[in-house]
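Student: This structure is in C-alpha cells; I'll ask about it shortly.
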Amino acid sequence: MFTVAIGLIGALVYGGADFFGGLAARRLPSVLVTAIAAATGLALFLVAAPAVGGTWSAEAAGWGVLSGVFGAVSVALLYACLAIGPMSILSPLTALVSAVAPMVWGLLVEGEDLGALGYAGIAIALVAVVLIGFIPGERIVRPTARAVVMAIGAGISIGALLITLDQPSGDSGLVPLIASRAANLTLMVAVIALMALVARVRPGVSGPFASPAAGIPYRGALGGPAHDKSAVAAPAAVRGAVAIAVLCGVLDAAANALLLFGLRLGELAVMSVLTAMYPAGTILLAAVVLRERIAPVQWAGLVLALTAGGLFAVA
C-alpha cells in the first residue's frame, strides 16, 4: 500500500511539474524552461545528497546519465508530436506506451509476478491512463504516421527512463538522479548554445530567448537586443516565467525522488503504470488554478486510477 501511495503521489507531482512547466513555456521557449528545471533539480539533489547518503559508483552514475539522455529525447519527441497533433490521440498514446514498455520489461525480463489482483489492476490502470490523458475539445482527426511514430518514440523513451532508473543498486542514494539531471542539463545547454549560434548567423531565425507569444527577443538575449517597444515589459514577464520554471524543477525533482524510492520498494511494472497517470495532476491543477473543466471521460479515468491503486494495494 505504501508503494502504491508513493506511485500515485509521484504521478500527481509529475503532473504538477508539467502544469507549471506549461505555464512557464507561455513566456519562455520550452528548451529554456527544461534547462532551468534541470538546473534546479540538480542543485536540489546535490544539496540533499549528503543527508540521504549513498555510494558513488560508475554503474549508478552511468545508469543515471543514460536516464537523463532518455529524458531529453522523450521531451523533444513529445513536444514535436503534440505540435503536429491531434493531441487528443497522441497524448494518451504516449502515456500508454510509457506504461506498457517498462511493464513488459518488468514482467518478462525481470520476472516480476503480480498475482491475479495485480494483473487486474494493470488492465484497469492502462484504461485509466488512456482516459486521463484524453484531451477533450480536440477535433478527432487521423494523426499522421510521422506523429504516431514520434508519440510511440516518446513513450518508449519515457519507459526507458524508468527502466534505467530501476537498475542501480539501492545503496546508490541520489547518485542516479544527480547524474541524470547533469546529463539532461548538459544536453539542454548544448541545444540553447546551438540555437543562439544559428540565430546569430541567420538573423531571421528566433534565438533561444525569443518570446513564444510575441516572437520578440528579450533584452540581453544572446540573439541580440530587442527592437520593439512592446518588449520593454518583457523582463518582468521573464522573471515571473523563470520563477515558475524553477517551481517546475522543484516539483519534477520531488517526483523523480518519489519514483526512485518507489522503484526500490516495489515492482517496476506497478510503478510504470502509476507514473503514467501523471496527466491527472495536470488536469486537477488546471481545474483549480485556471478553472478549466474536467471532462466526464477524465473523471472516469481518475475513478479507475483509484480502483487500480486499490487492487495493487491488496495484491
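Ordering of the C-alpha cells sets the chain letters (A, B, ...); residue numbers start at 1 within each chain; ligands are numbered from 1 in the order shown.
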Identify, on the basis of only C-alpha atoms, every residue whose closest approach to Asp18 in chain A does not exceed 10 Å; exclude the query and any residue fewer than 3 positions from it along the same chain; express the result as a compact mmCIF listing (two decimals) with all heavy atoms, in the first residue's frame.
Tutor:
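The result, written out as around02.txt:
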# COMPACT_ATOMS: atom_id res chain seq x y z
N LEU A 12 0.96 12.55 -9.41
CA LEU A 12 0.33 13.86 -9.23
C LEU A 12 1.38 14.98 -9.23
O LEU A 12 1.16 16.05 -9.82
CB LEU A 12 -0.47 13.89 -7.93
CG LEU A 12 -1.72 13.01 -7.89
CD1 LEU A 12 -2.36 13.05 -6.50
CD2 LEU A 12 -2.74 13.46 -8.95
N VAL A 13 2.51 14.72 -8.59
CA VAL A 13 3.58 15.73 -8.55
C VAL A 13 4.18 15.92 -9.94
O VAL A 13 4.47 17.05 -10.35
CB VAL A 13 4.66 15.33 -7.53
CG1 VAL A 13 5.80 16.35 -7.53
CG2 VAL A 13 4.06 15.25 -6.13
N TYR A 14 4.36 14.83 -10.67
CA TYR A 14 4.82 14.94 -12.06
C TYR A 14 3.86 15.81 -12.87
O TYR A 14 4.28 16.68 -13.65
CB TYR A 14 4.90 13.56 -12.72
CG TYR A 14 6.25 12.90 -12.65
CD1 TYR A 14 6.38 11.63 -12.12
CD2 TYR A 14 7.39 13.54 -13.13
CE1 TYR A 14 7.62 11.00 -12.04
CE2 TYR A 14 8.62 12.92 -13.07
CZ TYR A 14 8.73 11.65 -12.52
OH TYR A 14 9.96 11.04 -12.46
N GLY A 15 2.56 15.57 -12.70
CA GLY A 15 1.57 16.36 -13.40
C GLY A 15 1.63 17.83 -13.02
O GLY A 15 1.46 18.71 -13.87
N GLY A 21 5.41 23.86 -15.84
CA GLY A 21 6.29 23.96 -17.00
C GLY A 21 5.56 24.52 -18.20
O GLY A 21 6.10 25.33 -18.96
N GLY A 22 4.29 24.10 -18.38
CA GLY A 22 3.48 24.63 -19.47
C GLY A 22 3.20 26.11 -19.31
O GLY A 22 3.21 26.88 -20.29
N LEU A 23 2.95 26.56 -18.07
CA LEU A 23 2.73 27.99 -17.83
C LEU A 23 4.00 28.79 -18.16
O LEU A 23 3.92 29.85 -18.79
CB LEU A 23 2.34 28.22 -16.38
CG LEU A 23 0.93 27.80 -15.94
CD1 LEU A 23 0.70 28.21 -14.49
CD2 LEU A 23 -0.14 28.43 -16.83
N ALA A 24 5.15 28.29 -17.72
CA ALA A 24 6.41 29.00 -17.99
C ALA A 24 6.69 29.06 -19.49
O ALA A 24 7.23 30.05 -20.00
CB ALA A 24 7.55 28.31 -17.26
N ALA A 245 9.34 28.35 -13.78
CA ALA A 245 10.19 27.25 -14.27
C ALA A 245 10.98 26.63 -13.13
O ALA A 245 11.19 25.41 -13.10
CB ALA A 245 11.14 27.76 -15.36
N CYS A 248 8.66 24.44 -11.34
CA CYS A 248 8.54 23.21 -12.13
C CYS A 248 9.70 22.27 -11.82
O CYS A 248 9.51 21.06 -11.64
CB CYS A 248 8.52 23.56 -13.63
SG CYS A 248 8.76 22.15 -14.74
N GLY A 249 10.91 22.81 -11.72
CA GLY A 249 12.08 22.00 -11.41
C GLY A 249 12.03 21.39 -10.03
O GLY A 249 12.44 20.23 -9.83
N LEU A 251 9.25 20.62 -8.33
CA LEU A 251 8.26 19.54 -8.36
C LEU A 251 8.77 18.33 -9.13
O LEU A 251 8.55 17.18 -8.73
CB LEU A 251 6.96 20.05 -8.98
CG LEU A 251 6.19 21.10 -8.15
CD1 LEU A 251 4.98 21.61 -8.93
CD2 LEU A 251 5.75 20.52 -6.82
N ASP A 252 9.46 18.58 -10.24
CA ASP A 252 9.98 17.48 -11.03
C ASP A 252 11.03 16.70 -10.25
O ASP A 252 11.08 15.46 -10.32
CB ASP A 252 10.58 18.02 -12.34
CG ASP A 252 10.97 16.91 -13.30
OD1 ASP A 252 10.09 16.15 -13.71
OD2 ASP A 252 12.17 16.79 -13.62
N TYR A 278 0.37 10.59 -14.72
CA TYR A 278 0.78 11.97 -14.43
C TYR A 278 -0.16 13.04 -14.97
O TYR A 278 -0.27 14.12 -14.38
CB TYR A 278 2.20 12.22 -14.94
CG TYR A 278 2.37 12.09 -16.44
CD1 TYR A 278 2.12 13.15 -17.28
CD2 TYR A 278 2.78 10.89 -17.01
CE1 TYR A 278 2.27 13.03 -18.65
CE2 TYR A 278 2.93 10.76 -18.37
CZ TYR A 278 2.67 11.83 -19.19
OH TYR A 278 2.81 11.71 -20.55
N PRO A 279 -0.90 12.81 -16.10
CA PRO A 279 -1.82 13.87 -16.54
C PRO A 279 -2.88 14.22 -15.51
O PRO A 279 -3.47 15.30 -15.58
CB PRO A 279 -2.45 13.29 -17.81
CG PRO A 279 -1.44 12.31 -18.32
CD PRO A 279 -0.84 11.71 -17.09
N GLY A 281 -2.47 14.98 -12.37
CA GLY A 281 -2.03 16.16 -11.64
C GLY A 281 -2.18 17.43 -12.45
O GLY A 281 -2.55 18.49 -11.93
N THR A 282 -1.93 17.33 -13.76
CA THR A 282 -2.05 18.49 -14.63
C THR A 282 -3.49 18.97 -14.74
O THR A 282 -3.78 20.17 -14.60
CB THR A 282 -1.50 18.16 -16.03
OG1 THR A 282 -0.17 17.68 -15.92
CG2 THR A 282 -1.50 19.40 -16.91
Student: Using 12 Å as the limit and counting only C-alpha atoms, can you tabulate each residue of range 25-83 of chain A that touches range 260-266 of chain A, with its shortest atom-to-atom distance in Å and the two atoms involved, as a Markdown table?
Tutor:
| residue | atom | partner | partner_atom | distance |
| --- | --- | --- | --- | --- |
| A:Val52 | CA | A:Phe261 | CA | 11.6 |
| A:Gly64 | CA | A:Leu260 | CA | 11.1 |
| A:Ser67 | CA | A:Leu260 | CA | 11.8 |
Student: At a cut-off of 10 Å, using only C-alpha atoms, what residues contact range 143-149 of chain A? Leave out same-chain residues fewer than 5 positions from it and give the result as a ChimeraX atom specification.
Tutor: /A:77-78,80-90,93-94,154-155
Student: Do you know which residues are at most 7 Å from range 115-128 of chain A counting only C-alpha atoms, after dropping those on the same chain fewer than 4 positions away, and could you put them as a PDB file with N, CA and C atoms, in the first residue's frame?
Tutor:
ATOM      1  N   LEU A  96       0.287   5.759 -22.697  1.00  0.00           N
ATOM      2  CA  LEU A  96       0.058   4.312 -22.707  1.00  0.00           C
ATOM      3  C   LEU A  96       1.345   3.551 -23.001  1.00  0.00           C
ATOM      4  N   ILE A 132      -7.500   9.378 -18.717  1.00  0.00           N
ATOM      5  CA  ILE A 132      -6.991  10.592 -18.077  1.00  0.00           C
ATOM      6  C   ILE A 132      -6.229  11.452 -19.071  1.00  0.00           C
ATOM      7  N   VAL A 273       2.898   1.954 -14.497  1.00  0.00           N
ATOM      8  CA  VAL A 273       1.517   2.328 -14.822  1.00  0.00           C
ATOM      9  C   VAL A 273       1.019   3.427 -13.895  1.00  0.00           C
ATOM     10  N   GLY A 301     -11.569   8.216 -15.783  1.00  0.00           N
ATOM     11  CA  GLY A 301     -10.193   7.751 -15.687  1.00  0.00           C
ATOM     12  C   GLY A 301      -9.639   7.883 -14.279  1.00  0.00           C
ATOM     13  N   LEU A 302      -9.961   8.980 -13.599  1.00  0.00           N
ATOM     14  CA  LEU A 302      -9.497   9.170 -12.226  1.00  0.00           C
ATOM     15  C   LEU A 302     -10.085   8.113 -11.290  1.00  0.00           C
ATOM     16  N   LEU A 304     -11.073   5.099 -12.177  1.00  0.00           N
ATOM     17  CA  LEU A 304     -10.405   3.830 -12.492  1.00  0.00           C
ATOM     18  C   LEU A 304      -8.984   3.796 -11.924  1.00  0.00           C
ATOM     19  N   ALA A 305      -8.318   4.951 -11.913  1.00  0.00           N
ATOM     20  CA  ALA A 305      -6.971   5.010 -11.360  1.00  0.00           C
ATOM     21  C   ALA A 305      -6.982   4.652  -9.873  1.00  0.00           C
ATOM     22  N   ALA A 308      -7.611   0.922  -9.560  1.00  0.00           N
ATOM     23  CA  ALA A 308      -6.384   0.162  -9.841  1.00  0.00           C
ATOM     24  C   ALA A 308      -5.426   0.240  -8.656  1.00  0.00           C
ATOM     25  N   LEU A 311      -6.457  -2.161  -6.017  1.00  0.00           N
ATOM     26  CA  LEU A 311      -6.116  -3.552  -6.356  1.00  0.00           C
ATOM     27  C   LEU A 311      -4.632  -3.818  -6.139  1.00  0.00           C
ATOM     28  N   PHE A 312      -3.781  -2.851  -6.494  1.00  0.00           N
ATOM     29  CA  PHE A 312      -2.341  -3.016  -6.282  1.00  0.00           C
ATOM     30  C   PHE A 312      -2.036  -3.124  -4.783  1.00  0.00           C
ATOM     31  N   ALA A 315      -2.986  -6.606  -3.603  1.00  0.00           N
ATOM     32  CA  ALA A 315      -2.451  -7.730  -4.380  1.00  0.00           C
ATOM     33  C   ALA A 315      -1.316  -8.431  -3.629  1.00  0.00           C
TER      34      ALA A 315
END
Student: From the set A:Thr186, A:Ile152, A:Val130, A:Thr164, which residue has the shortest atom-to-atom contact distance to Pro92 in chain A, counting only C-alpha atoms?
Tutor: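 Result for the nearest residue to Pro92 in chain A: A:Val130.
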